[in-house]
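Reproduced below: query-v7.cif, with mmCIF, C-alpha atoms (C1' of nucleotides).
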```cif
data_structure
loop_
_atom_site.label_atom_id
_atom_site.label_comp_id
_atom_site.auth_asym_id
_atom_site.auth_seq_id
_atom_site.Cartn_x
_atom_site.Cartn_y
_atom_site.Cartn_z
CA MET A 8 0.95 61.19 -25.97
CA PRO A 9 1.62 64.77 -27.13
CA ALA A 10 4.86 66.53 -26.40
CA ALA A 11 2.89 69.16 -24.52
CA ASP A 12 5.68 71.64 -24.05
CA THR A 13 7.96 71.89 -27.06
CA PRO A 14 6.78 74.88 -29.14
CA PRO A 15 6.96 73.36 -32.65
CA PRO A 16 5.01 70.08 -32.62
CA ALA A 17 5.35 69.22 -36.31
CA TYR A 18 1.69 69.98 -37.16
CA ARG A 19 0.02 72.84 -35.37
CA ARG A 20 -2.28 72.34 -32.46
CA ARG A 21 -5.48 74.29 -32.29
CA ALA A 22 -5.14 77.62 -30.53
CA ASP A 23 -7.62 76.78 -27.75
CA ALA A 24 -5.82 73.51 -27.10
CA GLU A 25 -2.57 75.38 -26.76
CA ARG A 26 -4.14 77.78 -24.29
CA ASN A 27 -5.58 74.92 -22.28
CA VAL A 28 -2.26 73.11 -22.06
CA ALA A 29 -0.62 76.27 -20.78
CA ALA A 30 -3.42 76.86 -18.26
CA LEU A 31 -3.18 73.24 -17.12
CA LEU A 32 0.55 73.41 -16.57
CA GLU A 33 0.14 76.54 -14.50
CA ALA A 34 -2.78 75.11 -12.53
CA ALA A 35 -0.97 71.82 -11.95
CA ALA A 36 2.17 73.57 -10.75
CA ALA A 37 0.12 75.59 -8.26
CA SER A 38 -1.82 72.54 -7.07
CA PHE A 39 1.37 70.53 -6.69
CA VAL A 40 2.77 73.22 -4.41
CA GLU A 41 -0.35 73.33 -2.28
CA ARG A 42 -1.42 69.69 -2.18
CA GLY A 43 1.50 67.74 -3.57
CA VAL A 44 1.83 65.82 -6.81
CA ASP A 45 -1.21 63.75 -5.79
CA ALA A 46 -3.51 66.75 -6.08
CA PRO A 47 -6.97 65.60 -7.28
CA VAL A 48 -7.50 65.76 -11.02
CA ARG A 49 -10.74 67.68 -10.61
CA ASP A 50 -9.04 70.38 -8.58
CA ILE A 51 -6.44 70.95 -11.25
CA ALA A 52 -9.08 70.97 -13.97
CA ALA A 53 -11.27 73.43 -12.08
CA ARG A 54 -8.33 75.72 -11.40
CA ALA A 55 -7.43 75.71 -15.07
CA GLY A 56 -11.05 76.27 -16.02
CA VAL A 57 -11.35 73.12 -18.10
CA GLY A 58 -13.11 69.77 -17.82
CA VAL A 59 -11.39 66.65 -16.61
CA GLY A 60 -11.51 65.17 -20.10
CA THR A 61 -9.20 67.92 -21.27
CA ILE A 62 -6.53 66.89 -18.78
CA TYR A 63 -6.59 63.31 -19.95
CA ARG A 64 -6.47 64.37 -23.58
CA HIS A 65 -3.22 66.25 -23.14
CA PHE A 66 -1.74 64.28 -20.27
CA PRO A 67 -3.05 60.72 -20.44
CA THR A 68 -1.27 59.73 -17.29
CA ARG A 69 -0.38 61.66 -14.18
CA ALA A 70 3.26 61.04 -14.88
CA ASP A 71 2.96 62.99 -18.14
CA LEU A 72 1.65 65.98 -16.25
CA VAL A 73 4.31 65.82 -13.57
CA VAL A 74 7.07 65.43 -16.12
CA ALA A 75 5.77 68.41 -18.09
CA VAL A 76 5.51 70.61 -15.01
CA TYR A 77 9.06 69.89 -13.88
CA ARG A 78 10.60 69.58 -17.31
CA HIS A 79 12.79 72.66 -17.05
CA GLN A 80 14.12 71.85 -13.61
CA VAL A 81 15.04 68.35 -14.71
CA ASP A 82 16.75 69.83 -17.74
CA GLU A 83 18.87 71.96 -15.44
CA LEU A 84 19.80 68.90 -13.39
CA ALA A 85 20.74 67.03 -16.53
CA ALA A 86 22.93 69.88 -17.77
CA PRO A 87 26.60 69.87 -16.79
CA ALA A 88 27.48 71.89 -13.71
CA ALA A 89 28.13 75.56 -14.36
CA THR A 90 31.21 75.85 -12.16
CA ASP A 91 34.17 73.58 -11.66
CA ALA A 92 34.03 71.93 -8.27
CA GLY A 93 37.71 71.18 -7.85
CA SER A 94 37.56 67.42 -7.52
CA PRO A 95 35.38 64.59 -8.82
CA SER A 96 33.90 63.89 -5.42
CA ALA A 97 33.21 67.58 -4.85
CA ALA A 98 31.48 67.68 -8.23
CA LEU A 99 29.37 64.68 -7.23
CA ARG A 100 28.48 66.30 -3.93
CA ALA A 101 27.55 69.55 -5.64
CA TRP A 102 25.26 67.78 -8.08
CA VAL A 103 23.66 65.69 -5.37
CA ASP A 104 22.99 68.88 -3.42
CA ARG A 105 21.13 70.31 -6.38
CA PHE A 106 19.18 67.09 -6.77
CA VAL A 107 18.18 67.09 -3.13
CA ASP A 108 17.16 70.74 -3.29
CA PHE A 109 14.92 69.88 -6.20
CA LEU A 110 13.26 66.94 -4.48
CA VAL A 111 12.85 68.37 -1.02
CA THR A 112 10.83 71.32 -2.28
CA LYS A 113 8.29 69.14 -4.10
CA HIS A 114 5.57 67.68 -1.94
CA GLY A 115 5.31 63.97 -2.55
CA LEU A 116 7.51 63.86 -5.62
CA ALA A 117 10.16 61.71 -4.01
CA ALA A 118 7.48 59.33 -2.81
CA ALA A 119 5.88 59.27 -6.25
CA LEU A 120 9.21 58.18 -7.69
CA ARG A 121 8.95 55.10 -5.51
CA SER A 122 5.25 54.50 -5.96
CA ASP A 123 4.09 51.35 -7.69
CA ASP A 124 0.96 53.14 -8.84
CA PRO A 125 0.77 52.52 -12.60
CA ALA A 126 -0.04 56.19 -13.12
CA PHE A 127 3.47 57.01 -11.92
CA LEU A 128 5.32 54.31 -13.83
CA ALA A 129 6.34 56.63 -16.65
CA LEU A 130 7.74 58.99 -14.05
CA HIS A 131 10.47 56.59 -12.99
CA ALA A 132 11.45 56.01 -16.58
CA SER A 133 11.52 59.67 -17.54
CA PHE A 134 13.41 60.98 -14.53
CA LEU A 135 15.83 58.11 -14.27
CA ASP A 136 16.60 58.02 -17.97
CA ARG A 137 17.58 61.64 -17.79
CA LEU A 138 19.44 61.73 -14.51
CA VAL A 139 21.00 58.34 -13.92
CA PRO A 140 23.60 58.83 -16.68
CA VAL A 141 24.62 62.13 -15.11
CA CYS A 142 24.90 60.64 -11.66
CA ASP A 143 26.68 57.60 -13.01
CA GLY A 144 29.25 59.75 -14.79
CA LEU A 145 30.01 61.80 -11.69
CA LEU A 146 30.17 58.71 -9.52
CA GLU A 147 32.47 56.82 -11.86
CA ALA A 148 34.79 59.79 -12.10
CA ALA A 149 34.99 59.93 -8.33
CA VAL A 150 35.64 56.21 -8.16
CA ALA A 151 38.33 56.46 -10.83
CA ALA A 152 40.00 59.23 -8.84
CA GLY A 153 40.01 56.99 -5.77
CA GLU A 154 37.67 59.32 -3.93
CA CYS A 155 34.76 56.88 -3.74
CA ARG A 156 34.52 53.17 -3.15
CA PRO A 157 32.65 51.33 -5.89
CA GLN A 158 29.98 50.13 -3.48
CA VAL A 159 26.92 51.22 -5.36
CA THR A 160 25.75 52.00 -8.87
CA GLY A 161 24.65 55.44 -9.98
CA TYR A 162 21.14 54.05 -10.17
CA GLU A 163 21.23 52.84 -6.60
CA LEU A 164 22.73 56.06 -5.39
CA MET A 165 19.98 58.11 -7.03
CA ARG A 166 17.30 55.86 -5.63
CA GLY A 167 18.85 56.01 -2.19
CA ILE A 168 19.06 59.78 -2.27
CA GLY A 169 15.50 60.03 -3.53
CA ASN A 170 14.36 57.75 -0.75
CA LEU A 171 16.12 59.78 1.90
CA CYS A 172 14.15 62.82 0.73
CA ILE A 173 10.74 61.21 1.21
CA GLY A 174 8.65 62.86 3.88
CA ALA A 175 11.32 65.41 4.67
CA GLU A 176 9.01 68.32 3.90
CA SER A 177 6.62 67.44 6.70
CA ASP A 178 9.01 66.29 9.42
CA PRO A 179 10.92 69.05 11.21
CA ARG A 180 12.93 66.49 13.16
CA TYR A 181 14.34 64.96 9.99
CA ASP A 182 17.00 66.66 7.89
CA ALA A 183 17.20 65.01 4.49
CA ARG A 184 20.25 67.01 3.45
CA ARG A 185 22.24 65.79 6.42
CA MET A 186 21.22 62.18 5.84
CA VAL A 187 22.30 62.38 2.23
CA GLU A 188 25.60 63.81 3.37
CA VAL A 189 26.09 60.84 5.66
CA LEU A 190 25.25 58.49 2.81
CA LEU A 191 27.89 60.10 0.63
CA ASP A 192 30.36 59.96 3.49
CA GLY A 193 29.75 56.24 3.51
CA LEU A 194 31.22 56.04 0.04
CA ARG A 195 34.55 57.60 1.02
CA PRO A 196 37.46 55.18 0.94
CA SER A 197 38.09 53.77 4.40
CA SER A 198 41.05 55.31 6.15
CA MET B 20 -9.37 51.63 20.86
CA PRO B 21 -9.23 48.10 22.26
CA ALA B 22 -5.99 46.41 23.05
CA ALA B 23 -6.94 43.70 20.57
CA ASP B 24 -4.15 41.30 21.36
CA THR B 25 -3.42 41.10 25.07
CA PRO B 26 -5.35 38.10 26.51
CA PRO B 27 -6.76 39.71 29.69
CA PRO B 28 -8.60 42.90 28.71
CA ALA B 29 -9.87 43.89 32.15
CA TYR B 30 -13.53 43.06 31.41
CA ARG B 31 -14.25 40.12 29.17
CA ARG B 32 -15.03 40.50 25.54
CA ARG B 33 -17.79 38.49 24.01
CA ALA B 34 -16.67 35.15 22.62
CA ASP B 35 -17.71 35.92 19.05
CA ALA B 36 -15.88 39.22 19.20
CA GLU B 37 -12.75 37.44 20.32
CA ARG B 38 -13.06 34.97 17.44
CA ASN B 39 -13.56 37.80 14.97
CA VAL B 40 -10.51 39.69 16.17
CA ALA B 41 -8.41 36.57 15.77
CA ALA B 42 -9.83 35.90 12.29
CA LEU B 43 -9.22 39.52 11.33
CA LEU B 44 -5.61 39.45 12.44
CA GLU B 45 -5.01 36.31 10.43
CA ALA B 46 -6.84 37.65 7.37
CA ALA B 47 -5.03 40.98 7.59
CA ALA B 48 -1.65 39.30 7.88
CA ALA B 49 -2.37 37.23 4.78
CA SER B 50 -3.68 40.22 2.83
CA PHE B 51 -0.68 42.32 3.82
CA VAL B 52 1.62 39.67 2.42
CA GLU B 53 -0.26 39.47 -0.87
CA ARG B 54 -1.26 43.07 -1.46
CA GLY B 55 0.73 45.09 1.03
CA VAL B 56 -0.43 47.04 4.05
CA ASP B 57 -2.78 49.02 1.80
CA ALA B 58 -4.92 45.95 1.11
CA PRO B 59 -8.57 47.01 0.69
CA VAL B 60 -10.66 46.85 3.84
CA ARG B 61 -13.37 44.86 2.10
CA ASP B 62 -10.91 42.19 1.04
CA ILE B 63 -9.69 41.71 4.58
CA ALA B 64 -13.24 41.62 5.90
CA ALA B 65 -14.36 39.09 3.30
CA ARG B 66 -11.35 36.92 3.99
CA ALA B 67 -12.12 36.94 7.68
CA GLY B 68 -15.79 36.26 6.99
CA VAL B 69 -17.01 39.44 8.68
CA GLY B 70 -18.54 42.74 7.60
CA VAL B 71 -16.54 45.91 7.22
CA GLY B 72 -18.19 47.38 10.28
CA THR B 73 -16.56 44.71 12.39
CA ILE B 74 -13.10 45.80 11.28
CA TYR B 75 -13.74 49.38 12.25
CA ARG B 76 -15.17 48.33 15.57
CA HIS B 77 -12.02 46.54 16.62
CA PHE B 78 -9.47 48.54 14.65
CA PRO B 79 -10.81 52.06 14.19
CA THR B 80 -7.85 53.11 12.09
CA ARG B 81 -5.69 51.17 9.70
CA ALA B 82 -2.72 51.88 11.90
CA ASP B 83 -4.37 49.93 14.74
CA LEU B 84 -4.65 46.89 12.51
CA VAL B 85 -1.09 47.12 11.23
CA VAL B 86 0.28 47.59 14.73
CA ALA B 87 -1.68 44.58 15.99
CA VAL B 88 -0.53 42.37 13.11
CA TYR B 89 3.14 43.16 13.62
CA ARG B 90 3.05 43.51 17.37
CA HIS B 91 5.18 40.48 18.11
CA GLN B 92 7.84 41.30 15.58
CA VAL B 93 8.12 44.82 16.93
CA ASP B 94 8.40 43.38 20.42
CA GLU B 95 11.34 41.31 19.28
CA LEU B 96 13.00 44.37 17.81
CA ALA B 97 12.45 46.26 21.02
CA ALA B 98 13.95 43.46 23.10
CA PRO B 99 17.68 43.54 23.78
CA ALA B 100 19.85 41.53 21.41
CA ALA B 101 20.23 37.88 22.32
CA THR B 102 23.94 37.65 21.67
CA ASP B 103 26.79 40.01 22.46
CA ALA B 104 28.09 41.64 19.32
CA GLY B 105 31.58 42.45 20.51
CA SER B 106 31.51 46.21 20.14
CA PRO B 107 28.92 48.98 20.35
CA SER B 108 29.05 49.66 16.64
CA ALA B 109 28.73 45.96 15.86
CA ALA B 110 25.72 45.84 18.15
CA LEU B 111 24.20 48.78 16.32
CA ARG B 112 24.84 47.14 12.97
CA ALA B 113 23.33 43.88 14.13
CA TRP B 114 20.19 45.59 15.34
CA VAL B 115 19.88 47.66 12.18
CA ASP B 116 20.17 44.47 10.16
CA ARG B 117 17.25 43.00 12.03
CA PHE B 118 15.26 46.16 11.53
CA VAL B 119 15.93 46.16 7.81
CA ASP B 120 15.01 42.50 7.53
CA PHE B 121 11.72 43.30 9.20
CA LEU B 122 10.90 46.21 6.91
CA VAL B 123 12.05 44.76 3.63
CA THR B 124 9.77 41.76 3.92
CA LYS B 125 6.63 43.87 4.47
CA HIS B 126 5.09 45.24 1.32
CA GLY B 127 4.54 48.96 1.69
CA LEU B 128 5.17 49.14 5.41
CA ALA B 129 8.22 51.35 5.08
CA ALA B 130 6.25 53.67 2.81
CA ALA B 131 3.33 53.70 5.23
CA LEU B 132 5.69 54.86 7.95
CA ARG B 133 6.33 57.93 5.85
CA SER B 134 2.81 58.45 4.62
CA ASP B 135 0.95 61.58 5.66
CA ASP B 136 -2.33 59.71 5.38
CA PRO B 137 -4.16 60.34 8.67
CA ALA B 138 -5.05 56.63 8.82
CA PHE B 139 -1.34 55.90 9.27
CA LEU B 140 -0.56 58.64 11.77
CA ALA B 141 -0.80 56.35 14.78
CA LEU B 142 1.64 54.02 13.06
CA HIS B 143 4.51 56.49 13.27
CA ALA B 144 3.84 57.08 16.93
CA SER B 145 3.55 53.43 17.86
CA PHE B 146 6.59 52.16 15.98
CA LEU B 147 8.82 55.08 16.76
CA ASP B 148 7.91 55.18 20.44
CA ARG B 149 8.95 51.58 20.74
CA LEU B 150 12.04 51.52 18.60
CA VAL B 151 13.63 54.96 18.70
CA PRO B 152 14.78 54.51 22.32
CA VAL B 153 16.45 51.23 21.37
CA CYS B 154 18.16 52.72 18.35
CA ASP B 155 19.13 55.80 20.33
CA GLY B 156 20.72 53.71 23.05
CA LEU B 157 22.78 51.68 20.61
CA LEU B 158 23.82 54.77 18.70
CA GLU B 159 24.82 56.70 21.78
CA ALA B 160 26.88 53.77 23.01
CA ALA B 161 28.70 53.64 19.71
CA VAL B 162 29.29 57.38 19.81
CA ALA B 163 30.55 57.16 23.37
CA ALA B 164 32.98 54.44 22.31
CA GLY B 165 34.26 56.68 19.55
CA GLU B 166 33.00 54.32 16.88
CA CYS B 167 30.42 56.69 15.44
CA ARG B 168 30.38 60.39 14.79
CA PRO B 169 27.47 62.20 16.43
CA GLN B 170 26.10 63.36 13.10
CA VAL B 171 22.53 62.20 13.49
CA THR B 172 19.99 61.38 16.15
CA GLY B 173 18.57 57.93 16.69
CA TYR B 174 15.30 59.25 15.33
CA GLU B 175 16.89 60.46 12.14
CA LEU B 176 18.83 57.26 11.72
CA MET B 177 15.69 55.17 12.03
CA ARG B 178 13.86 57.41 9.61
CA GLY B 179 16.72 57.25 7.16
CA ILE B 180 16.95 53.50 7.36
CA GLY B 181 13.20 53.16 6.96
CA ASN B 182 13.32 55.43 3.95
CA LEU B 183 16.09 53.44 2.33
CA CYS B 184 13.87 50.37 2.55
CA ILE B 185 10.97 51.91 0.62
CA GLY B 186 10.27 50.23 -2.68
CA ALA B 187 13.07 47.73 -2.21
CA GLU B 188 10.71 44.76 -2.51
CA SER B 189 9.77 45.62 -6.09
CA ASP B 190 13.07 46.83 -7.51
CA PRO B 191 15.62 44.11 -8.29
CA ARG B 192 18.23 46.73 -9.18
CA TYR B 193 18.08 48.26 -5.72
CA ASP B 194 19.60 46.61 -2.66
CA ALA B 195 18.29 48.25 0.48
CA ARG B 196 20.62 46.32 2.74
CA ARG B 197 23.68 47.57 0.92
CA MET B 198 22.45 51.16 0.98
CA VAL B 199 21.86 50.97 4.72
CA GLU B 200 25.35 49.60 5.11
CA VAL B 201 26.71 52.59 3.23
CA LEU B 202 24.70 54.91 5.43
CA LEU B 203 26.15 53.35 8.55
CA ASP B 204 29.63 53.53 7.04
CA GLY B 205 28.99 57.26 6.73
CA LEU B 206 28.83 57.47 10.49
CA ARG B 207 32.29 55.98 11.06
CA PRO B 208 34.84 58.45 12.37
CA SER B 209 36.87 59.85 9.49
CA SER B 210 40.36 58.40 9.25
"C1'" DC C 14 -35.34 27.56 30.36
"C1'" DT C 15 -36.86 32.20 29.60
"C1'" DT C 16 -36.00 36.75 29.29
"C1'" DG C 17 -33.69 41.37 28.76
"C1'" DC C 18 -30.19 43.97 27.38
"C1'" DA C 19 -26.35 45.86 25.39
"C1'" DA C 20 -22.19 44.40 22.85
"C1'" DG C 21 -21.49 43.27 18.59
"C1'" DC C 22 -22.54 42.62 13.80
"C1'" DG C 23 -23.47 43.36 8.77
"C1'" DG C 24 -23.75 45.81 4.88
"C1'" DA C 25 -26.23 49.62 2.68
"C1'" DA C 26 -25.13 54.27 1.98
"C1'" DC C 27 -22.21 58.16 1.37
"C1'" DA C 28 -18.19 60.81 -0.09
"C1'" DC C 29 -14.28 61.08 -2.84
"C1'" DC C 30 -11.23 59.68 -6.32
"C1'" DG C 31 -9.28 58.21 -11.04
"C1'" DT C 32 -10.72 57.14 -15.53
"C1'" DT C 33 -13.62 56.51 -19.66
"C1'" DC C 34 -16.77 57.85 -23.08
"C1'" DC C 35 -19.57 60.26 -26.22
"C1'" DG C 36 -22.43 64.03 -27.96
"C1'" DC C 37 -21.63 68.87 -28.64
"C1'" DT C 38 -18.65 72.94 -29.74
"C1'" DT C 39 -15.64 75.44 -32.41
"C1'" DA C 40 -11.10 76.43 -34.72
"C1'" DA C 41 -9.31 76.27 -39.10
"C1'" DC C 42 -9.23 75.64 -43.73
"C1'" DT C 43 -11.70 75.83 -48.26
"C1'" DA D 5 -20.65 80.24 -45.42
"C1'" DG D 6 -19.81 75.46 -45.24
"C1'" DT D 7 -17.35 71.35 -43.81
"C1'" DT D 8 -14.73 68.64 -40.95
"C1'" DA D 9 -12.44 66.73 -37.29
"C1'" DA D 10 -9.77 68.20 -33.22
"C1'" DG D 11 -10.99 69.33 -29.03
"C1'" DC D 12 -14.05 69.90 -25.15
"C1'" DG D 13 -17.04 69.08 -21.00
"C1'" DG D 14 -18.96 66.55 -17.66
"C1'" DA D 15 -22.00 62.63 -16.72
"C1'" DA D 16 -21.18 58.02 -15.56
"C1'" DC D 17 -18.70 54.02 -13.77
"C1'" DG D 18 -15.87 51.31 -10.67
"C1'" DG D 19 -13.15 51.12 -6.74
"C1'" DT D 20 -11.90 52.92 -2.45
"C1'" DG D 21 -12.36 54.41 2.88
"C1'" DT D 22 -15.70 55.43 6.39
"C1'" DT D 23 -20.07 56.01 8.82
"C1'" DC D 24 -24.37 54.61 10.57
"C1'" DC D 25 -28.19 52.15 12.19
"C1'" DG D 26 -31.45 48.31 12.54
"C1'" DC D 27 -30.90 43.53 13.59
"C1'" DT D 28 -28.61 39.53 15.89
"C1'" DT D 29 -26.84 37.14 19.63
"C1'" DG D 30 -23.82 36.11 23.70
"C1'" DC D 31 -24.53 36.13 28.32
"C1'" DA D 32 -26.13 36.61 32.83
"C1'" DA D 33 -30.02 37.23 35.95
"C1'" DG D 34 -34.34 35.46 37.31
#
```
Serialized structure, structure tokens:
Amino acid sequence: MPAADTPPPAYRRRADAERNVAALLEAAAASFVERGVDAPVRDIAARAGVGVGTIYRHFPTRADLVVAVYRHQVDELAAPAATDAGSPSAALRAWVDRFVDFLVTKHGLAAALRSDDPAFLALHASFLDRLVPVCDGLLEAAVAAGECRPQVTGYELMRGIGNLCIGAESDPRYDARRMVEVLLDGLRPSS
Amino acid sequence: MPAADTPPPAYRRRADAERNVAALLEAAAASFVERGVDAPVRDIAARAGVGVGTIYRHFPTRADLVVAVYRHQVDELAAPAATDAGSPSAALRAWVDRFVDFLVTKHGLAAALRSDDPAFLALHASFLDRLVPVCDGLLEAAVAAGECRPQVTGYELMRGIGNLCIGAESDPRYDARRMVEVLLDGLRPSS
DNA sequence: CTTGCAAGCGGAACACCGTTCCGCTTAACT
DNA sequence: AGTTAAGCGGAACGGTGTTCCGCTTGCAAG
């Protein structure tokens, strides 16, 4: 499975291949916006002006494509917060807000993270490997400061937040942000 | 769309049809356990010893089949609690526990409730119509007693709980029950 | 018991999807 | 210009949901 995004891949890729990968990433991003991360392979290929075989050559599994499309945004989530939040729990809340913003704007991504479809398996691994340590660090700091009860692990918290974001984009009566807030409130030490 | 479960359907159904409906319900229930509520139509039909056309005749949409299979359990959830819980918030918690138990033991049902697949549309309506009033009543009582903050609607709470149950059956590191507990804790009045 | 009819049935057929595979094209280096 | 293999396209396959229509059969009337 090729890196598919990092500019210097050890030994050069052919120029047309490079072009196709770029076109595919752009086409996939557009299709994901319009039809969600389950957008049909053929649609993406057609939009990029390539055959379906070309998709599978560069992105053997759907997860590879999704990861590549959202690589930069995940990088930003994995990076330390730009501004100081004042307290460990405020820092946790700020990060969770960013995470929710990311998920809520991606059709079907939150659901894909919970899918047992083998094509999405690598997605769990990739996203969680990157983000769970961040979440865990923030959570443990808040716990150490006595601002959170140690009820859940960082992993569980991320999964719970991800779950609360599922379907939010198509249900005007459901406010994922508020639900996540309530979940975090549930971690506050009892009076 | 036939009632498919109530014994007296106004004008009698043919005896073989009645047998087939019963066989289908049994086959579907078994398939749902083994392969989840997305079990292939052909599998269910084969198991019941009927053709696929027969499924669609009695259950035009997958939602109809799912609703029929779980009808009794939903009825129980819609019925008032058998025992007095002591306080409105304890009653809410008890009911939520039952709801979670129901969802967690059904492969893919929680996810189906969030699916935007048109075949599942009627599922949202049916389940929510039955259960949201119950949840709303319990929640409002708890709010009135000052045991819950009025942060969310009964609808949102049910959606949130349902979401927290997605994928729980296949992830040993994730405890849906505990997450739901935390969510409910988030509704307690702040110290 | 025979007959007529429509409810009901089966499964072929169709549309769509992910995925694989292989013969052809073409970039890149000599 | 020649050589080579990386890369490409899209036909083909298997699995799905869904529709459709000719045949079967329960059932009631004669």
Care to translate the PyMOL selection byres ((chain D and resi 25) around 12) into actual residues of this file, as a short mmCIF file (atom, residue, chain, number, x, y, z; two decimals) with C-alpha atoms (C1' of nucleotides), keeping the file's coordinate frame?
```
data_model
loop_
_atom_site.label_atom_id
_atom_site.label_comp_id
_atom_site.auth_asym_id
_atom_site.auth_seq_id
_atom_site.Cartn_x
_atom_site.Cartn_y
_atom_site.Cartn_z
CA GLY B 72 -18.19 47.38 10.28
"C1'" DC C 22 -22.54 42.62 13.80
"C1'" DG C 23 -23.47 43.36 8.77
"C1'" DG C 24 -23.75 45.81 4.88
"C1'" DA C 25 -26.23 49.62 2.68
"C1'" DA C 26 -25.13 54.27 1.98
"C1'" DT D 23 -20.07 56.01 8.82
"C1'" DC D 24 -24.37 54.61 10.57
"C1'" DG D 26 -31.45 48.31 12.54
"C1'" DC D 27 -30.90 43.53 13.59
#
```
Quick one, how far is atom CA of Gly173 of chain B from atom CA of Ala48 of chain B?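 Distance between the two atoms: 28.9 Å.
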Mind running chain D against chain B at 9 Å and telling me each contacting residue's nearest atom pair with the distance in Å (one decimal), counting all atoms listed in the file, chain and number ascending, as a Markdown table?
```
| residue | atom | partner | partner_atom | distance |
| --- | --- | --- | --- | --- |
| D:DT20 | C1' | B:Pro59 | CA | 7.5 |
| D:DG21 | C1' | B:Val60 | CA | 7.8 |
| D:DT22 | C1' | B:Tyr75 | CA | 8.6 |
| D:DT23 | C1' | B:Gly72 | CA | 9.0 |
| D:DG30 | C1' | B:Arg33 | CA | 6.5 |
| D:DC31 | C1' | B:Arg33 | CA | 8.3 |
```
Residue subset to file, keeping C-alpha atoms (C1' of nucleotides), as a PDB file, keeping the file's coordinate frame:
```pdb
ATOM      1  C1'  DT D  20     -11.900  52.920  -2.450  1.00  0.00           C
ATOM      2  C1'  DG D  21     -12.360  54.410   2.880  1.00  0.00           C
ATOM      3  C1'  DT D  22     -15.700  55.430   6.390  1.00  0.00           C
ATOM      4  C1'  DT D  23     -20.070  56.010   8.820  1.00  0.00           C
ATOM      5  C1'  DG D  30     -23.820  36.110  23.700  1.00  0.00           C
ATOM      6  C1'  DC D  31     -24.530  36.130  28.320  1.00  0.00           C
TER       7       DC D  31
END
```
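We find atom CA of Asp136 of chain B and atom CA of Val69 of chain B to be spaced 25.2 Å apart.
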Contacts between chain A and chain C, please, where a residue of chain C counts if it comes within 9 Å (with only C-alpha atoms (C1' of nucleotides)); show its shortest atom pair and distance in Å to one decimal, rows by chain and ascending number, as a tab-separated table.
```
residue	atom	partner	partner_atom	distance
C:DC30	C1'	A:Pro47	CA	7.4
C:DG31	C1'	A:Val48	CA	7.8
C:DT32	C1'	A:Tyr63	CA	8.6
C:DT33	C1'	A:Gly60	CA	8.9
C:DA40	C1'	A:Arg21	CA	6.5
C:DA41	C1'	A:Arg21	CA	8.1
```
Please write as a JSON list (two decimals) with C-alpha atoms, in the frame of the given file the full residue list that the PyMOL selection byres ((chain A) within 9 of (chain B)) yields on this file.
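Result file follows (expr.json):
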```
[["chain", "number", "residue", "atom", "x", "y", "z"],
["A", 118, "ALA", "CA", 7.48, 59.33, -2.81],
["A", 121, "ARG", "CA", 8.95, 55.10, -5.51],
["A", 122, "SER", "CA", 5.25, 54.50, -5.96],
["A", 123, "ASP", "CA", 4.09, 51.35, -7.69],
["A", 158, "GLN", "CA", 29.98, 50.13, -3.48],
["A", 159, "VAL", "CA", 26.92, 51.22, -5.36],
["A", 162, "TYR", "CA", 21.14, 54.05, -10.17],
["A", 163, "GLU", "CA", 21.23, 52.84, -6.60],
["A", 164, "LEU", "CA", 22.73, 56.06, -5.39],
["A", 166, "ARG", "CA", 17.30, 55.86, -5.63],
["A", 167, "GLY", "CA", 18.85, 56.01, -2.19],
["A", 168, "ILE", "CA", 19.06, 59.78, -2.27],
["A", 169, "GLY", "CA", 15.50, 60.03, -3.53],
["A", 170, "ASN", "CA", 14.36, 57.75, -0.75],
["A", 171, "LEU", "CA", 16.12, 59.78, 1.90],
["A", 172, "CYS", "CA", 14.15, 62.82, 0.73],
["A", 173, "ILE", "CA", 10.74, 61.21, 1.21],
["A", 174, "GLY", "CA", 8.65, 62.86, 3.88],
["A", 177, "SER", "CA", 6.62, 67.44, 6.70],
["A", 180, "ARG", "CA", 12.93, 66.49, 13.16],
["A", 181, "TYR", "CA", 14.34, 64.96, 9.99],
["A", 182, "ASP", "CA", 17.00, 66.66, 7.89],
["A", 183, "ALA", "CA", 17.20, 65.01, 4.49],
["A", 185, "ARG", "CA", 22.24, 65.79, 6.42],
["A", 186, "MET", "CA", 21.22, 62.18, 5.84],
["A", 187, "VAL", "CA", 22.30, 62.38, 2.23],
["A", 188, "GLU", "CA", 25.60, 63.81, 3.37],
["A", 189, "VAL", "CA", 26.09, 60.84, 5.66],
["A", 190, "LEU", "CA", 25.25, 58.49, 2.81],
["A", 191, "LEU", "CA", 27.89, 60.10, 0.63],
["A", 192, "ASP", "CA", 30.36, 59.96, 3.49],
["A", 193, "GLY", "CA", 29.75, 56.24, 3.51],
["A", 194, "LEU", "CA", 31.22, 56.04, 0.04],
["A", 195, "ARG", "CA", 34.55, 57.60, 1.02],
["A", 197, "SER", "CA", 38.09, 53.77, 4.40],
["A", 198, "SER", "CA", 41.05, 55.31, 6.15]]
```
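Using only C-alpha atoms, the nearest neighbour of Val56 of chain B within the list B:Arg81, B:Arg168, B:Arg90, B:Arg117 is B:Arg81.
The space separating atom CA of Val162 of chain B from atom CA of Asp116 of chain B comes to 18.5 Å.
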Apply the PyMOL selection byres ((chain C and resi 42) around 12) to the file shown and report the selected residues as a PyMOL selection string. (chain C and resi 40-41+43) or (chain D and resi 6-9)
Polymer residues at most 12 Å from (-34.6, 36.2, 40.2) by all atoms listed in the file, as number ranges by chain: C: 15-16; D: 32-34
Create the file for the chosen residues now, containing C-alpha atoms (C1' of nucleotides) and written as a compact mmCIF listing (two decimals), in the coordinates of the input.
```txt
# COMPACT_ATOMS: atom_id res chain seq x y z
C1' DT C 15 -36.86 32.20 29.60
C1' DT C 16 -36.00 36.75 29.29
C1' DA D 32 -26.13 36.61 32.83
C1' DA D 33 -30.02 37.23 35.95
C1' DG D 34 -34.34 35.46 37.31
```
